[in-house]
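**Student:** The structure that follows is given in the form of structure tokens.
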Amino acid sequence: MVKRVNRAIGLVPPLAIYVLAVLPPVWFLWQAQTGRLGVEPIKALEHELGELALQVLIATLAVRPVNKWTGINFLKLRRAFGVVTFFYVLLHLLVWLVLDVQFLDQIWADIVKRPYITVGMGAFALMIPLALTSNNLSLRKLGPVRWRRLHRLMYPVVLLGAIHFVMLSKGFQLEPYVYLGVILALLATRIRWAGWRAAWAGSAS
Amino acid sequence: MAGRYKSDLNWSDVTPKDVWLNRRKLMAGAGAVALGSIAGPAAASLNARKTAYGEALEPNTWDEITSYNNFYEFGTDKGDPARYAGELTTDPWTIEIGGLVDRPGSYGLEDILKDVTLEERIYRLRCVERWAMVVPWVGFELADLLDRVGVQPSAKYVAFETALRPEEMRGVRFPVIEWPYKEGLRLDEAMHPLTILATGLYDEPMPNQNGAPIRVVVPWKYGYKSIKSIVKITLVEEQPPTAWNEYSAHEYGFYSNVNPERDHPRWSQKYERRVGGGLFARQTPTAKFNGYGEEVAHLYAGMDLIVNH
């Protein structure tokens, strides 16, 4: 079963992921333009894109633990997931800049003065080097060790993304905390507990 | 007292009823099932006095006003109130009026309404989240009711409470804020002729998602001050606790006057966006006191409105 799934995944070219990834934003844009996202489509579009970015971010983060526990192997597509995440975050940001806030002085004031926007922008900034190096040439130039170390920036990115969502919600709402919980659980699977235990034991003796 | 305000806007500025009714009929035909819980065309008009108070602004459509709401008792999504507020029973309805009044008691809604003249008030509505609308409310001045129950001289503030019915309000099953929803006004704000108790809009009974059967409308303050579905009014001496202020005092002050000079920690308040403008709607500068400064600025003479936000 796992073998068959993996064989099917193997047949999917990363290009297919990029092509499919264009569909949800186009769908949201069409909905927004035709009134299907309600009477205030700018906020709705912004929110849909942000949430979509978080979902793909979680999928990217889940590739390794899913592989470890089920044997199902999406590793080949993980880079595509990461690039798609960046694409969605970029669209989310553009909707906020161009359609929502509109004024340059307001944009800068918001980034500096609104903590949830500062956090969101921080996450975006950390993603830029990852997006720029998501190609084979960069991988070869950096070498796998440095490349992998650089791409650990994904962990703070995903955490900042979840915190951004929690901070912008008014009142105590469940949904952002569900995202935060899932993300913390996935991050916990990535910590090398054995290494920590060894370090702990070492410092104790 | 109805008719205290002269208006530079009149009935012709409101979208004619047959126009929006037809629009709703078309929508009902297109998606009767999906729209099932959104208030359908009401049976009876309120025949409110057509002495509209408002600016030369075009009101938002019925669909905009009744589909985009913050009423967390029914859920935090803007569409939740339209989806679920139909579950609230609004008839019979009583308001407990007490505290520092001469005639405290449990007042039935019909009893409250029998002595008042319903009047049209076309007001701007400005949400703290930076969106804005224009709503043709129907209601009467809060002062009329307060005069009737007899405010005692020691009263300085009016406290309001929204109904709390977990079986009819699915949003209150989760502690988004501390329920029941509470709001308050200083007595002079409450007695101001602009402050109304609204029982309808577009000359129709109030849709549940907009705060049926009776709600406050204070047009120069952020929307959350205009408390919905009121079951309790208490006259008190001390400034009463209010829901959003209790949740986060540095974000939501007691006064909450619309003020572009005082930034909300999450949103600059310099600009706002009118609901209904589509994907490319422009932002417009926010007016202090939501444009009602001429009428209300004197209430705050000598007060620092940044500190007392």
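Residue numbering restarts at 1 in every chain; chains get A, B, ... in the order shown in the structure tokens, and ligands count up from 1 in that same order.
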Can you check which residues of stretch 81-197 of chain A DSSP gives as alpha helix (DSSP H) on the backbone and send them as a ChimeraX atom specification?
**Tutor:** /A:81-94,104-113,115-132,136-142,144-150,154-168,174-190,193-197
**Student:** Each residue of chain A lying at most 7 Å from chain B should get a row with its shortest atom-to-atom pair and the distance in Å to one decimal, counting only C-alpha atoms; could you produce that, ordered by chain and increasing number, as CSV?
**Tutor:**
residue,atom,partner,partner_atom,distance
A:Ala32,CA,B:Leu279,CA,6.9
A:Gln33,CA,B:Leu279,CA,6.4
A:Val39,CA,B:Gly276,CA,5.3
A:Glu40,CA,B:Val275,CA,5.7
A:Pro41,CA,B:Leu279,CA,5.7
A:Ile42,CA,B:Leu279,CA,5.4
A:Leu99,CA,B:Phe280,CA,6.2
A:Arg114,CA,B:Arg266,CA,5.3
A:Gly171,CA,B:Val176,CA,4.9
A:Phe172,CA,B:Val176,CA,4.2
A:Gln173,CA,B:Val176,CA,5.6
**Student:** Write out as a compact mmCIF listing (two decimals) with N, CA and C atoms, in the first residue's frame which residues come within 12 Å of B:Thr286 when counting only C-alpha atoms, dropping same-chain ones fewer than 2 positions away.
**Tutor:**
# COMPACT_ATOMS: atom_id res chain seq x y z
N ARG B 124 -24.08 57.27 9.98
CA ARG B 124 -22.86 56.54 9.63
C ARG B 124 -22.54 55.57 10.75
N LEU B 125 -22.03 54.41 10.37
CA LEU B 125 -21.58 53.42 11.35
C LEU B 125 -20.10 53.17 11.08
N ARG B 126 -19.29 53.33 12.12
CA ARG B 126 -17.85 53.12 11.92
C ARG B 126 -17.39 52.04 12.88
N CYS B 127 -16.89 50.93 12.32
CA CYS B 127 -16.39 49.84 13.15
C CYS B 127 -14.93 50.11 13.50
N VAL B 128 -14.51 49.66 14.67
CA VAL B 128 -13.13 49.84 15.11
C VAL B 128 -12.17 49.11 14.16
N ARG B 130 -12.07 49.36 11.07
CA ARG B 130 -11.81 50.26 9.94
C ARG B 130 -12.81 50.15 8.79
N TRP B 131 -13.87 49.37 8.96
CA TRP B 131 -14.87 49.40 7.89
C TRP B 131 -16.03 50.29 8.33
N ALA B 132 -16.77 50.78 7.36
CA ALA B 132 -17.84 51.73 7.66
C ALA B 132 -19.05 51.49 6.77
N TRP B 220 -21.45 58.41 16.98
CA TRP B 220 -20.11 59.02 16.99
C TRP B 220 -19.07 58.13 17.67
N TYR B 222 -17.27 54.03 18.09
CA TYR B 222 -17.05 52.79 17.35
C TYR B 222 -18.23 51.84 17.57
N ASN B 257 -14.77 57.00 21.34
CA ASN B 257 -15.23 57.92 20.30
C ASN B 257 -14.39 57.71 19.06
N VAL B 258 -15.03 57.76 17.89
CA VAL B 258 -14.27 57.62 16.65
C VAL B 258 -13.26 58.76 16.60
N ASN B 259 -11.98 58.41 16.46
CA ASN B 259 -10.93 59.42 16.56
C ASN B 259 -9.71 59.02 15.74
N PRO B 260 -9.54 59.68 14.57
CA PRO B 260 -8.40 59.33 13.71
C PRO B 260 -7.05 59.64 14.36
N GLU B 261 -7.07 60.49 15.40
CA GLU B 261 -5.80 60.86 16.04
C GLU B 261 -5.34 59.80 17.04
N ARG B 262 -6.24 58.96 17.48
CA ARG B 262 -5.86 57.94 18.46
C ARG B 262 -5.82 56.58 17.76
N ASP B 263 -4.60 56.08 17.51
CA ASP B 263 -4.46 54.79 16.87
C ASP B 263 -4.90 53.68 17.80
N SER B 268 -4.37 51.47 12.48
CA SER B 268 -4.39 52.91 12.44
C SER B 268 -5.85 53.29 12.23
N GLN B 269 -6.27 54.38 12.83
CA GLN B 269 -7.66 54.78 12.63
C GLN B 269 -7.77 55.98 11.70
N LYS B 270 -6.68 56.29 10.99
CA LYS B 270 -6.70 57.47 10.12
C LYS B 270 -7.64 57.31 8.94
N TYR B 271 -7.79 56.07 8.48
CA TYR B 271 -8.61 55.84 7.29
C TYR B 271 -9.68 54.79 7.56
N GLU B 272 -10.66 54.78 6.68
CA GLU B 272 -11.69 53.76 6.78
C GLU B 272 -12.10 53.36 5.37
N ARG B 273 -12.81 52.25 5.28
CA ARG B 273 -13.28 51.81 3.97
C ARG B 273 -14.75 51.48 4.05
N ARG B 274 -15.50 52.10 3.17
CA ARG B 274 -16.93 51.88 3.10
C ARG B 274 -17.20 50.48 2.57
N GLN B 283 -9.74 53.74 0.33
CA GLN B 283 -9.89 54.15 1.72
C GLN B 283 -10.16 55.65 1.75
N THR B 284 -10.90 56.10 2.75
CA THR B 284 -11.15 57.53 2.89
C THR B 284 -10.77 57.94 4.31
N LYS B 288 -13.27 62.81 12.83
CA LYS B 288 -13.36 62.75 14.28
C LYS B 288 -14.84 62.73 14.70
N PHE B 289 -15.14 61.99 15.71
CA PHE B 289 -16.53 61.76 16.15
C PHE B 289 -17.39 61.24 15.01
N ASN B 290 -16.75 60.57 14.06
CA ASN B 290 -17.45 59.99 12.92
C ASN B 290 -18.26 61.05 12.15
N GLY B 291 -17.80 62.29 12.24
CA GLY B 291 -18.50 63.36 11.51
C GLY B 291 -19.58 64.05 12.33
N TYR B 292 -19.75 63.66 13.58
CA TYR B 292 -20.79 64.27 14.41
C TYR B 292 -20.23 65.24 15.45
**Student:** Give me the residues within 7 Å of stretch 81-88 of chain B as a list in words, counting only C-alpha atoms and dropping any in the same chain fewer than 3 places off.
**Tutor:** Ser37, Ile38, Thr66, Ser67, Asn69, Phe71, Phe74, Gly75, Lys78, Glu168, Met169, Asn208 and Gln209 of chain B
**Student:** Pick out the residues sitting within 12 Å of A:Gly181, and hand them over as a list of chain:residue names; count only C-alpha atoms, and ignore anything fewer than 4 positions along from it in its own chain.
**Tutor:**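 That gives A:Ile58, A:Val158, A:Leu159, A:Ala162, A:Ile163, A:Val166, A:Leu174, A:Glu175, A:Pro176, A:Tyr177, A:Ala185, A:Leu186, A:Leu187, A:Ala188.
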**Student:** Suppose we keep C-alpha atoms; can you now write the selection as a PDB file, in the first residue's frame?
**Tutor:**
ATOM      1  CA  ILE A  58       1.905  22.903   7.777  1.00  0.00           C
ATOM      2  CA  VAL A 158       6.033  28.690  10.634  1.00  0.00           C
ATOM      3  CA  LEU A 159       5.969  29.646  14.307  1.00  0.00           C
ATOM      4  CA  ALA A 162       0.904  30.954  13.703  1.00  0.00           C
ATOM      5  CA  ILE A 163       1.619  33.709  16.238  1.00  0.00           C
ATOM      6  CA  VAL A 166      -3.283  34.359  17.073  1.00  0.00           C
ATOM      7  CA  LEU A 174     -10.423  28.749  18.789  1.00  0.00           C
ATOM      8  CA  GLU A 175      -9.211  28.536  15.182  1.00  0.00           C
ATOM      9  CA  PRO A 176      -5.851  30.329  15.467  1.00  0.00           C
ATOM     10  CA  TYR A 177      -4.988  28.271  18.544  1.00  0.00           C
ATOM     11  CA  ALA A 185       3.215  19.551  17.705  1.00  0.00           C
ATOM     12  CA  LEU A 186       4.927  19.288  14.307  1.00  0.00           C
ATOM     13  CA  LEU A 187       7.871  21.361  15.517  1.00  0.00           C
ATOM     14  CA  ALA A 188       8.178  19.078  18.535  1.00  0.00           C
TER      15      ALA A 188
END
**Student:** Give me the residues near stretch 7-20 of chain A as a list in words, where near means some atom within 7 Å (using only C-alpha atoms) and where sequence neighbours in that chain fewer than 6 positions away do not count.
**Tutor:** Phe74, Leu77, Ala80 and Val84 of chain A
**Student:** Smallest atom-to-atom distance to A:His92: which of A:Asp105, A:Pro115, A:Leu180, A:Phe124, using only C-alpha atoms?
**Tutor:**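 Of all the options, A:Phe124 lies closest to A:His92.
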**Student:** Please provide as a list in words all residues within 6 Å of stretch 100-117 of chain B, with the sequence filter that same-chain residues fewer than 6 positions apart are discarded (counting only C-alpha atoms).
**Tutor:**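 Once the adjacent positions are removed, what remains is Trp93, Thr94, Val149, Gly150, Val151, Gln152, Ala155 and Leu235 of chain B.
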